[in-house]
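For reference, upload31.cif (mmCIF, C-alpha atoms and all ligand atoms):
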data_upload
#
loop_
_atom_site.label_atom_id
_atom_site.label_comp_id
_atom_site.auth_asym_id
_atom_site.auth_seq_id
_atom_site.Cartn_x
_atom_site.Cartn_y
_atom_site.Cartn_z
CA MET A 1 45.08 155.51 230.97
CA LYS A 2 41.74 157.07 231.90
CA ASN A 3 41.29 160.81 232.42
CA ASN A 4 38.34 163.19 232.66
CA GLU A 5 37.98 163.42 228.88
CA THR A 6 38.09 159.70 228.18
CA GLU A 7 35.69 158.94 231.02
CA LYS A 8 32.97 160.88 229.15
CA ARG A 9 33.38 158.70 226.02
CA ASP A 10 31.63 155.51 225.09
CA HIS A 11 33.14 154.99 221.63
CA CYS A 12 36.32 155.68 219.72
CA ILE A 13 36.50 159.13 218.12
CA ARG A 14 39.77 158.18 216.37
CA CYS A 15 41.64 161.09 217.90
CA GLY A 16 44.86 159.06 217.73
CA GLU A 17 45.95 159.92 221.26
CA CYS A 18 46.63 156.27 222.12
CA CYS A 19 48.81 155.77 219.00
CA LEU A 20 50.64 159.03 219.70
CA SER A 21 51.40 158.18 223.30
CA SER A 22 53.08 154.79 222.85
CA SER A 23 53.33 151.65 220.74
CA PRO A 24 51.92 148.20 221.46
CA THR A 25 53.62 145.17 222.92
CA LEU A 26 53.08 142.06 220.83
CA GLN A 27 51.11 139.19 222.29
CA MET A 28 51.17 135.52 221.29
CA ALA A 29 47.94 136.18 219.35
CA ASP A 30 50.00 138.41 216.99
CA VAL A 31 52.33 135.60 215.94
CA SER A 32 50.96 135.24 212.40
CA LEU A 33 51.26 139.02 211.79
CA VAL A 34 55.02 138.78 212.34
CA TYR A 35 55.47 135.35 210.82
CA ASP A 36 53.67 136.39 207.63
CA GLY A 37 55.58 139.69 207.46
CA LEU A 38 52.49 141.91 207.93
CA ILE A 39 54.41 143.50 210.78
CA GLU A 40 57.99 143.90 209.53
CA LYS A 41 60.70 142.66 211.88
CA SER A 42 62.56 145.90 211.25
CA ASN A 43 59.68 147.69 212.98
CA ILE A 44 59.96 145.60 216.14
CA TYR A 45 62.54 145.69 218.90
CA ALA A 46 63.12 143.19 221.64
CA ILE A 47 63.39 144.17 225.27
CA ARG A 48 65.44 141.45 226.92
CA VAL A 49 65.12 140.08 230.43
CA GLY A 50 66.72 142.46 232.93
CA GLU A 51 66.21 145.55 230.75
CA LEU A 52 64.60 148.71 232.03
CA VAL A 53 61.22 149.35 230.42
CA ARG A 54 58.30 151.71 230.85
CA ASP A 55 55.23 149.89 232.11
CA ASN A 56 52.47 151.86 230.35
CA VAL A 57 49.76 150.23 232.44
CA LYS A 58 51.29 151.20 235.78
CA GLY A 59 52.94 154.33 234.37
CA GLU A 60 56.34 153.52 235.86
CA MET A 61 59.76 152.24 234.89
CA LYS A 62 60.55 148.64 235.80
CA VAL A 63 63.13 145.96 235.10
CA THR A 64 61.40 143.30 233.06
CA ASP A 65 61.60 139.65 234.09
CA LYS A 66 60.19 138.55 230.73
CA GLU A 67 61.19 139.23 227.17
CA ILE A 68 58.97 141.78 225.41
CA LEU A 69 58.59 142.59 221.73
CA LYS A 70 57.47 146.11 221.01
CA ILE A 71 56.55 147.98 217.85
CA ARG A 72 59.05 150.78 217.31
CA GLU A 73 58.19 154.32 218.18
CA LYS A 74 59.00 157.23 215.87
CA GLU A 75 62.38 158.85 216.31
CA ASN A 76 60.77 162.17 217.22
CA GLY A 77 59.07 160.35 220.08
CA ARG A 78 55.60 160.96 218.62
CA GLY A 79 54.16 157.52 219.19
CA CYS A 80 53.85 154.35 217.14
CA ILE A 81 55.77 154.04 213.90
CA TYR A 82 52.60 152.92 212.10
CA TYR A 83 50.64 156.05 212.98
CA ASP A 84 50.21 158.55 210.16
CA GLU A 85 49.76 161.95 211.79
CA GLU A 86 48.63 163.69 208.60
CA GLU A 87 46.01 161.11 207.76
CA LYS A 88 45.24 160.65 211.46
CA GLY A 89 45.16 156.90 211.16
CA CYS A 90 46.95 153.61 211.50
CA THR A 91 48.75 152.59 208.32
CA MET A 92 48.17 148.92 209.12
CA TYR A 93 44.73 149.17 210.64
CA GLU A 94 43.51 145.87 209.15
CA HIS A 95 46.50 144.06 210.64
CA ARG A 96 47.00 145.99 213.85
CA PRO A 97 48.18 144.03 216.91
CA ILE A 98 45.68 142.61 219.37
CA GLN A 99 46.48 145.20 222.07
CA CYS A 100 45.41 147.95 219.65
CA ARG A 101 42.20 146.10 218.85
CA ALA A 102 41.44 145.73 222.55
CA LEU A 103 42.22 149.31 223.49
CA ALA A 104 39.27 151.53 224.39
CA CYS A 105 40.42 154.53 226.39
CA TRP A 106 37.06 154.82 228.22
CA ASP A 107 37.03 151.18 229.36
CA GLU A 108 40.21 149.26 230.15
CA SER A 109 38.65 145.86 230.81
CA GLU A 110 39.22 144.25 227.38
CA PHE A 111 42.75 145.66 227.16
CA MET A 112 43.63 144.28 230.60
CA ARG A 113 42.22 140.87 229.64
CA VAL A 114 44.42 140.80 226.50
CA TYR A 115 47.42 142.24 228.36
CA ALA A 116 47.35 139.37 230.87
CA ARG A 117 47.66 136.76 228.10
CA PRO A 118 51.05 135.35 226.95
CA LYS A 119 53.39 137.74 225.21
CA LEU A 120 55.12 136.98 221.91
CA SER A 121 58.85 136.27 222.06
CA ARG A 122 61.59 136.14 219.42
CA ARG A 123 61.76 132.38 219.52
CA ASP A 124 58.09 132.11 218.54
CA VAL A 125 58.87 133.53 215.11
CA ILE A 126 62.51 132.63 214.45
CA ASN A 127 63.32 129.09 213.42
CA ASP A 128 66.75 129.40 211.79
CA ARG A 129 68.90 127.12 213.96
CA ASN A 130 72.14 129.02 213.36
CA LEU A 131 70.50 132.28 214.26
CA LEU A 132 68.93 130.77 217.38
CA ARG A 133 72.34 129.46 218.44
CA LEU A 134 73.95 132.89 218.08
CA MET A 135 71.04 134.51 219.90
CA ALA A 136 71.49 132.09 222.80
CA GLU A 137 75.21 132.85 222.89
CA HIS A 138 74.48 136.58 222.89
CA ASP A 139 71.86 136.23 225.65
CA LYS A 140 74.34 134.33 227.78
CA LYS A 141 77.36 136.54 227.23
CA CYS A 142 75.59 139.90 227.12
CA SER A 143 72.84 139.38 229.69
CA TYR A 144 71.70 142.40 231.68
CA MET A 145 72.50 140.48 234.85
CA GLU A 146 76.13 140.20 233.73
CA LEU A 147 76.26 143.85 232.73
CA GLU A 148 74.77 144.89 236.06
CA LYS A 149 77.31 142.76 237.89
CA CYS A 150 80.22 144.42 236.05
CA VAL A 151 78.78 147.91 236.61
CA GLY A 152 78.40 147.14 240.31
CA GLN A 153 82.10 146.26 240.50
CA ILE A 154 83.36 149.55 239.05
CA GLU A 155 83.73 151.18 242.45
CA LYS A 156 85.66 148.26 243.90
CA GLU A 157 87.66 147.09 240.90
CA GLY A 158 87.97 150.24 238.78
CA GLU A 159 89.69 149.65 235.44
CA LYS A 160 89.27 145.88 235.63
CA ALA A 161 85.46 146.20 235.78
CA VAL A 162 85.46 148.83 233.02
CA LYS A 163 87.46 146.44 230.85
CA SER A 164 84.90 143.69 231.43
CA ILE A 165 82.09 146.05 230.43
CA LEU A 166 83.93 147.08 227.26
CA GLU A 167 84.37 143.39 226.40
CA LEU A 168 80.60 142.90 226.63
CA LEU A 169 79.94 145.97 224.49
CA LYS A 170 82.43 144.76 221.90
CA PHE A 171 80.89 141.30 221.78
CA ASP A 172 77.40 142.80 221.40
CA TYR A 173 78.66 145.03 218.58
CA LYS A 174 80.59 142.35 216.72
CA ILE A 175 77.95 139.63 216.84
CA ARG A 176 75.57 142.03 215.06
CA LEU A 177 78.05 142.39 212.22
CA LEU A 178 78.61 138.64 212.14
CA ILE A 179 74.89 137.84 211.94
CA ALA A 180 74.36 140.42 209.19
CA GLU A 181 77.31 139.12 207.20
CA ARG A 182 77.06 135.35 207.66
CA LEU A 183 73.33 134.83 207.94
CA ASN A 184 72.26 137.49 205.50
CA VAL A 185 70.10 139.34 208.00
CA VAL A 186 69.45 143.00 207.27
CA SER A 187 70.86 145.23 209.97
CA ALA A 188 67.48 146.95 210.38
CA GLU A 189 66.21 143.70 211.97
CA MET A 190 69.01 143.46 214.50
CA ASP A 191 67.13 145.22 217.33
CA PHE A 192 64.47 142.56 216.94
CA ILE A 193 66.96 139.68 216.86
CA LEU A 194 69.31 140.80 219.66
CA GLY A 195 67.49 143.66 221.33
CA ARG A 196 68.83 147.20 221.23
CA PRO A 197 72.62 147.58 221.36
CA LEU A 198 74.19 147.59 224.82
CA THR A 199 75.94 150.81 223.83
CA GLU A 200 72.47 152.44 223.97
CA THR A 201 70.77 150.57 226.79
CA ILE A 202 73.75 150.91 229.14
CA ASN A 203 72.33 154.32 230.02
CA MET A 204 69.95 152.47 232.37
CA PHE A 205 73.01 152.17 234.64
CA GLY A 206 73.83 155.88 234.38
CA LEU A 207 76.62 155.22 231.88
CA LYS A 208 77.09 156.23 228.29
CA VAL A 209 79.40 155.15 225.51
CA ILE A 210 81.36 157.46 223.26
CA ARG A 211 82.68 156.05 220.02
CA GLU A 212 86.32 157.08 219.50
CA GLN A 213 87.73 157.93 216.06
CA ASP A 214 89.56 154.61 215.90
CA GLY A 215 86.24 152.78 216.43
CA SER A 216 86.89 151.84 220.06
CA PHE A 217 84.41 152.56 222.86
CA PHE A 218 84.95 154.97 225.70
CA LEU A 219 82.81 154.59 228.80
CA THR A 220 81.70 157.59 230.81
CA THR A 221 78.89 158.61 233.14
CA VAL A 222 75.64 160.28 232.07
CA GLU A 223 75.65 163.86 233.32
S1 LIG B 1 40.77 154.63 221.73
FE1 LIG B 1 42.51 155.91 221.09
S2 LIG B 1 41.86 156.81 219.13
FE2 LIG B 1 40.01 156.01 220.15
S3 LIG B 1 39.20 157.77 221.27
FE3 LIG B 1 40.51 156.62 222.67
S4 LIG B 1 42.53 157.62 222.53
FE4 LIG B 1 41.32 158.28 220.76
S1 LIG B 2 49.70 149.70 215.31
FE1 LIG B 2 48.23 151.16 214.54
S2 LIG B 2 46.57 151.14 216.03
FE2 LIG B 2 48.32 150.22 217.01
S3 LIG B 2 49.38 151.90 218.10
FE3 LIG B 2 50.31 151.68 216.09
S4 LIG B 2 49.24 153.16 214.79
FE4 LIG B 2 47.96 152.79 216.60
#

Is it possible to give me this structure as structure tokens?
Ligand code: SF4
Ligand code: SF4
Amino acid sequence: MKNNETEKRDHCIRCGECCLSSSPTLQMADVSLVYDGLIEKSNIYAIRVGELVRDNVKGEMKVTDKEILKIREKENGRGCIYYDEEEKGCTMYEHRPIQCRALACWDESEFMRVYARPKLSRRDVINDRNLLRLMAEHDKKCSYMELEKCVGQIEKEGEKAVKSILELLKFDYKIRLLIAERLNVVSAEMDFILGRPLTETINMFGLKVIREQDGSFFLTTVE
């Protein structure tokens, strides 16, 4: 995180560089912000166990062995969704997550202390039993371990393995519709509840999904 510029600082000049470079991961200490709706669930996405994620501390990609909840980044890739570039400020400054409070680009010690503490998970803020049951079913059926296993079998089993992958993608797609319809959950919250769709994250295996006109999925490799 440190560079020549930040090393010269001893206070925040509110340049916004940290908010423009990434978004925070939520820690257990942020539970009330989500529970009370100060951070909207539609602005959070879950990174599930086994998913590929950028470790901003180490500056490398890694497969996570723990669930992570992250604040969304803007679609143009310009940092945290809560950062207002025109106003040069955080639109939820009073209620910003603990990682943001701890961040001082000239001294990482407080951030690292906070970072080492327990992370928030979906089950800390969701208590609807029906939803929890469907989430557990989804985690079991559509785990990244299962997806990786199927991808690894493509070379040996060909079509059979592709069929298994398409089954997982279909399940992941349909359960989102089911949750929205039956449990009255807005679709904007689905990336928080189930993590990002497998049709997007499958690119971590060098594959991509094309949606056919009839709604079916077609699996191909990323060029
Ligand atoms: S903490 Fe963030 S906003 Fe403050 S000076 Fe450092 S990079 Fe800029
Ligand atoms: S929540 Fe606010 S302070 Fe934290 S990264 Fe986003 S814009 Fe910056």

Which residues of region 76-175 of chain A come within 12 Å of region 31-50 of chain A, and what is each one's closest atom pair and distance in Å (one decimal), counting all atoms listed in the file, sorted by chain and residue number, as a Markdown table?
| residue | atom | partner | partner_atom | distance |
| --- | --- | --- | --- | --- |
| A:Cys80 | CA | A:Asn43 | CA | 9.8 |
| A:Ile81 | CA | A:Asn43 | CA | 7.5 |
| A:Tyr82 | CA | A:Asn43 | CA | 8.8 |
| A:Thr91 | CA | A:Ile39 | CA | 11.0 |
| A:Met92 | CA | A:Leu38 | CA | 8.3 |
| A:Tyr93 | CA | A:Leu38 | CA | 11.0 |
| A:Glu94 | CA | A:Leu38 | CA | 9.9 |
| A:His95 | CA | A:Leu38 | CA | 6.9 |
| A:Arg96 | CA | A:Ile39 | CA | 8.4 |
| A:Pro97 | CA | A:Leu33 | CA | 7.8 |
| A:Ile98 | CA | A:Leu33 | CA | 10.1 |
| A:Pro118 | CA | A:Val31 | CA | 11.1 |
| A:Lys119 | CA | A:Val31 | CA | 9.6 |
| A:Leu120 | CA | A:Val31 | CA | 6.7 |
| A:Ser121 | CA | A:Ala46 | CA | 8.1 |
| A:Arg122 | CA | A:Ala46 | CA | 7.5 |
| A:Arg123 | CA | A:Val31 | CA | 10.6 |
| A:Asp124 | CA | A:Val31 | CA | 7.2 |
| A:Val125 | CA | A:Tyr35 | CA | 5.8 |
| A:Ile126 | CA | A:Tyr35 | CA | 8.4 |
| A:Asn127 | CA | A:Tyr35 | CA | 10.4 |
| A:Met135 | CA | A:Arg48 | CA | 11.3 |
| A:Ala136 | CA | A:Arg48 | CA | 11.9 |
| A:His138 | CA | A:Arg48 | CA | 11.0 |
| A:Asp139 | CA | A:Arg48 | CA | 8.4 |
| A:Lys140 | CA | A:Val49 | CA | 11.2 |
| A:Cys142 | CA | A:Arg48 | CA | 10.3 |
| A:Ser143 | CA | A:Gly50 | CA | 7.6 |
| A:Tyr144 | CA | A:Gly50 | CA | 5.1 |
| A:Met145 | CA | A:Gly50 | CA | 6.4 |
| A:Glu146 | CA | A:Gly50 | CA | 9.7 |
| A:Leu147 | CA | A:Gly50 | CA | 9.6 |
| A:Glu148 | CA | A:Gly50 | CA | 9.0 |
| A:Lys149 | CA | A:Gly50 | CA | 11.7 |

### Query
Residues at most 8 Å from ligand LIG 1 (chain B), using only C-alpha atoms and all ligand atoms? Could they come as an MDAnalysis selection string?
chainID A and resid 6 9 11:19 103:106

Can I get the selection written as a PDB file, in the frame of the given file, with C-alpha atoms?
ATOM      1  CA  THR A   6      38.090 159.700 228.180  1.00  0.00           C
ATOM      2  CA  ARG A   9      33.380 158.700 226.020  1.00  0.00           C
ATOM      3  CA  HIS A  11      33.140 154.990 221.630  1.00  0.00           C
ATOM      4  CA  CYS A  12      36.320 155.680 219.720  1.00  0.00           C
ATOM      5  CA  ILE A  13      36.500 159.130 218.120  1.00  0.00           C
ATOM      6  CA  ARG A  14      39.770 158.180 216.370  1.00  0.00           C
ATOM      7  CA  CYS A  15      41.640 161.090 217.900  1.00  0.00           C
ATOM      8  CA  GLY A  16      44.860 159.060 217.730  1.00  0.00           C
ATOM      9  CA  GLU A  17      45.950 159.920 221.260  1.00  0.00           C
ATOM     10  CA  CYS A  18      46.630 156.270 222.120  1.00  0.00           C
ATOM     11  CA  CYS A  19      48.810 155.770 219.000  1.00  0.00           C
ATOM     12  CA  LEU A 103      42.220 149.310 223.490  1.00  0.00           C
ATOM     13  CA  ALA A 104      39.270 151.530 224.390  1.00  0.00           C
ATOM     14  CA  CYS A 105      40.420 154.530 226.390  1.00  0.00           C
ATOM     15  CA  TRP A 106      37.060 154.820 228.220  1.00  0.00           C
TER      16      TRP A 106
END

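Every protein or nucleic acid residue with an atom no more than 12 Å from Ala161 (chain A), counting only C-alpha atoms and leaving out same-chain residues fewer than 2 positions away, appears here: Glu146, Leu147, Glu148, Lys149, Cys150, Val151, Gly152, Gln153, Ile154, Glu155, Lys156, Glu157, Gly158, Glu159, Lys163, Ser164, Ile165, Leu166, Glu167, Leu168 and Leu219 of chain A.
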
### Message
Rounded to one decimal, what separation in Å do you get between atom FE2 of ligand LIG 2 (chain B) and CA of Ile71 (chain A)?
### Response
8.6 Å

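Distance annotation: of A:Val162, A:Asp10, A:Thr25, A:Leu207, the residue with the minimal separation from Glu108 (chain A) is A:Asp10; atom set is all atoms listed in the file.
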
### Task
Would you list the residues near (38.9, 143.1, 220.6) (no more than 10 Å away, in the coordinates of the file, using all atoms listed in the file) as a PyMOL selection string?
chain A and resi 98-104+110-111+113-114

Please produce an output containing C-alpha atoms for each residue in the selection, written as a PDB file, in the coordinates of the input.
ATOM      1  CA  ILE A  98      45.680 142.610 219.370  1.00  0.00           C
ATOM      2  CA  GLN A  99      46.480 145.200 222.070  1.00  0.00           C
ATOM      3  CA  CYS A 100      45.410 147.950 219.650  1.00  0.00           C
ATOM      4  CA  ARG A 101      42.200 146.100 218.850  1.00  0.00           C
ATOM      5  CA  ALA A 102      41.440 145.730 222.550  1.00  0.00           C
ATOM      6  CA  LEU A 103      42.220 149.310 223.490  1.00  0.00           C
ATOM      7  CA  ALA A 104      39.270 151.530 224.390  1.00  0.00           C
ATOM      8  CA  GLU A 110      39.220 144.250 227.380  1.00  0.00           C
ATOM      9  CA  PHE A 111      42.750 145.660 227.160  1.00  0.00           C
ATOM     10  CA  ARG A 113      42.220 140.870 229.640  1.00  0.00           C
ATOM     11  CA  VAL A 114      44.420 140.800 226.500  1.00  0.00           C
TER      12      VAL A 114
END

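Proximity ranking of A:Asp214, A:Glu60, A:Glu181, A:Glu73 relative to ligand LIG 2 (chain B) places A:Glu73 first, based on only C-alpha atoms and all ligand atoms.
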
Take every atom of ligand LIG 2 (chain B) listed in the file, fit an axis-aligned box around them, add 3 Å per side, and give the centre and edge lengths in Å to one decimal as JSON.
{"center_x": 48.4, "center_y": 151.4, "center_z": 216.3, "size_x": 9.7, "size_y": 9.5, "size_z": 9.6}

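In this model, the gap between CA of Glu223 (chain A) and CA of Thr64 (chain A) comes to 25.0 Å.
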
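What separates CA of Glu67 (chain A) from CA of Asp191 (chain A) is a distance of 13.0 Å.
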
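Nearest residue to ligand LIG 2 (chain B) among A:Val53, A:Val63, A:Gly79, A:Cys90 is A:Cys90, counting all atoms listed in the file.
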